[in-house]
Amino acid sequence: MILPGTDPQAILEAARRIQAGGLVGFPTETVYGLGADASSDQAVAGIFAAKGRPSDHPLIVHVADAAQVSHYASSVPAFAERLLQAFWPGPLTVILPRKHGVALAAAGGQNSIGLRCPAHPVALAFLRACNTGVAGPSANRFGRVSPTTAQHVQQEFGDDLLVLDGGPCDVGIESSIVDCTRGRPVLLRPGVLTRAQLEAACGEPVLAKEDMPAASGTPRASGTLEAHYAPNAKVRLMDAGAIQTALDLLGADAAHIAVYARAVLRLSSAKVLYRRMPDDAAAAAQQLFAVLRDFDSHGAKLIWIEHPPESAEWDGVRDRLGRAAAS
């Protein structure tokens, strides 16, 4: 069932379900999460079962404020503290050394743990009411398109799941993930925060995971599998000229094809679904998953997407599209 996140009674009911070991769909500014009590390995197992997600693939634990970090992390490097001060609440997840005996299942069995404080009023009210950290991966079946509305979550899991409705997500793609466990900040997953923004905040270079030696032990992290974020239709990334050439060759026979491009294209078939990608990276991120879900709902079999620009502000969108096309 979907309940309004602005209703205090709905918040309390959602918190009661978490405290009783149940699951709740909740909004954040990035995407909707599927939450469970991070302190209960049994409750967290319910997330893995519902999503069909491997239990060794770690979850992000959502907290109401930075004061809760010390409950989960055994240490916080100075550069990580600076990142928290700059971007929390917000679309940043930090991976820190995990305290022994805490949130083992949520961490996927690792000695590190991913923590985030979301910048969404409904999420923060929910987390405060829960009075515990909430493990919360995206509220979708494993590997599929992330949800950015309460209705998307309901489509994934049905009416039995309580979903707090916080409206469409403002950011639209998942948080940036920075590994802070190896003495230097390492970006494991890009989001809307650019590397330059992260470096300015933490005061030192932020490395890519490819920059670190394999022996350094990169932690597993959410949303970093090669194939992820995939709709039912097959995604292909192309330049605008190749998309136009393919449309021209198919002509009026084109069907079950969806196109998402910044370029203005000529369509010879009314059966082609065409959505224009915004020229602004933040706007494209905000609508990306909703567009992919919409194409699926209209029966598209192929989705042709124009390559995003190579500039830094598009890193998060390029990352999600590259993983969607790899599925």
# chains A, B, ... in the order shown; residues from 1 in each chain; ligands from 1
$ select_by_dssp --residues "segment 15-223 of chain A" --states "strand (DSSP E or B)" --output "PyMOL selection string"
chain A and resi 24-26+33-37+60-62+73+92-98+112-116+134-135+138+144+162-165+176-179+186-189+207-208
$ residues_around --residues "segment 197-209 of chain A" --least-positions-apart "4" --cutoff "8 Å" --atoms "only C-alpha atoms" --output "MDAnalysis selection string"
chainID A and resid 79:80 82:83 86 184:188 193 218
$ write_last_selection --atoms "C-alpha atoms" --output "PDB file, in the first residue's frame"
ATOM      1  CA  PHE A  79      39.052  13.342   4.720  1.00  0.00           C
ATOM      2  CA  ALA A  80      35.868  11.300   5.218  1.00  0.00           C
ATOM      3  CA  ARG A  82      35.207  16.565   5.527  1.00  0.00           C
ATOM      4  CA  LEU A  83      33.095  14.759   2.925  1.00  0.00           C
ATOM      5  CA  ALA A  86      30.177  18.985   2.865  1.00  0.00           C
ATOM      6  CA  ARG A 184      42.873   7.645   0.387  1.00  0.00           C
ATOM      7  CA  PRO A 185      39.444   8.455  -1.062  1.00  0.00           C
ATOM      8  CA  VAL A 186      38.503   6.187  -3.961  1.00  0.00           C
ATOM      9  CA  LEU A 187      35.400   6.761  -6.088  1.00  0.00           C
ATOM     10  CA  LEU A 188      33.669   3.410  -6.591  1.00  0.00           C
ATOM     11  CA  LEU A 193      28.589  14.821  -7.394  1.00  0.00           C
ATOM     12  CA  THR A 218      38.538  -2.834  -3.133  1.00  0.00           C
TER      13      THR A 218
END
$ closest_residue --among "A:Cys117, A:Leu3, A:Ala129, A:Val76" --to "Arg16 of chain A" --atoms "only C-alpha atoms"
A:Ala129
$ residues_around --residues "Pro121 of chain A" --least-positions-apart "5" --cutoff "9 Å" --atoms "only C-alpha atoms" --output "list in words"
Gly5, Thr6, Thr28, Phe126 and Gly166 of chain A
$ residues_around --residues "Ala242 of chain A" --least-positions-apart "4" --cutoff "12 Å" --atoms "only C-alpha atoms" --output "number ranges by chain"
A: 236-238, 246-249, 259, 261, 263, 265, 304-307
$ write_last_selection --atoms "C-alpha atoms" --output "compact mmCIF listing (two decimals), in the first residue's frame"
# COMPACT_ATOMS: atom_id res chain seq x y z
CA ARG A 236 22.15 0.03 -27.14
CA LEU A 237 24.28 3.19 -26.88
CA MET A 238 24.88 4.89 -30.24
CA ALA A 246 19.14 3.07 -38.51
CA LEU A 247 15.78 4.86 -38.40
CA ASP A 248 16.09 5.84 -42.05
CA LEU A 249 16.92 2.25 -43.08
CA VAL A 259 14.84 6.34 -28.79
CA ALA A 261 18.52 11.28 -27.64
CA ALA A 263 19.62 15.24 -31.11
CA LEU A 265 15.75 13.14 -35.20
CA TRP A 304 18.56 3.23 -28.71
CA ILE A 305 20.20 5.90 -26.57
CA GLU A 306 22.53 8.64 -27.76
CA HIS A 307 25.91 8.53 -26.03
$ residues_around --residues "Ala125 of chain A" --least-positions-apart "6" --cutoff "10 Å" --atoms "only C-alpha atoms" --output "list in words"
Gly5, Thr6, Pro8, Ile11, Leu12, Ala15 and Ala64 of chain A
$ closest_residue --among "A:Leu267, A:Val163, A:Ala285, A:Met1" --to "Val122 of chain A" --atoms "only C-alpha atoms"
A:Val163
$ closest_residue --among "A:Arg275, A:Leu96, A:Gln19, A:Ala324" --to "Asn131 of chain A" --atoms "only C-alpha atoms"
A:Gln19
$ residues_around --residues "Val31 of chain A" --least-positions-apart "5" --cutoff "6 Å" --atoms "only C-alpha atoms" --output "MDAnalysis selection string"
chainID A and resid 147:148 169 172
$ write_last_selection --atoms "C-alpha atoms" --output "PDB file, in the first residue's frame"
ATOM      1  CA  PRO A 147      12.442   3.270  -8.942  1.00  0.00           C
ATOM      2  CA  THR A 148      11.993   7.031  -8.712  1.00  0.00           C
ATOM      3  CA  CYS A 169      12.966  11.752  -6.723  1.00  0.00           C
ATOM      4  CA  GLY A 172      17.056  10.317 -10.001  1.00  0.00           C
TER       5      GLY A 172
END
$ select_by_dssp --residues "segment 87-299 of chain A" --states "helix (DSSP H, G or I)" --output "number ranges by chain"
A: 87, 121-130, 150-157, 195-202, 209-211, 214-216, 240-253, 281-297
$ atom_distance --atom1 "atom CA of Val171 of chain A" --atom2 "atom CA of Val63 of chain A"
18.6 Å
$ residues_around --residues "segment 51-62 of chain A" --least-positions-apart "2" --cutoff "8 Å" --atoms "only C-alpha atoms" --output "JSON, numbers by chain"
{"A": [38, 45, 47, 48, 49, 64, 93, 105, 106, 107, 108, 109, 110, 113, 114, 115, 116, 117, 118, 127, 133, 134, 135, 136, 137, 139, 140, 141, 142, 220, 221, 222]}
$ atom_distance --atom1 "atom CA of Arg98 of chain A" --atom2 "atom CA of Asp41 of chain A"
14.9 Å
$ atom_distance --atom1 "atom CA of Asp159 of chain A" --atom2 "atom CA of Leu23 of chain A"
12.6 Å
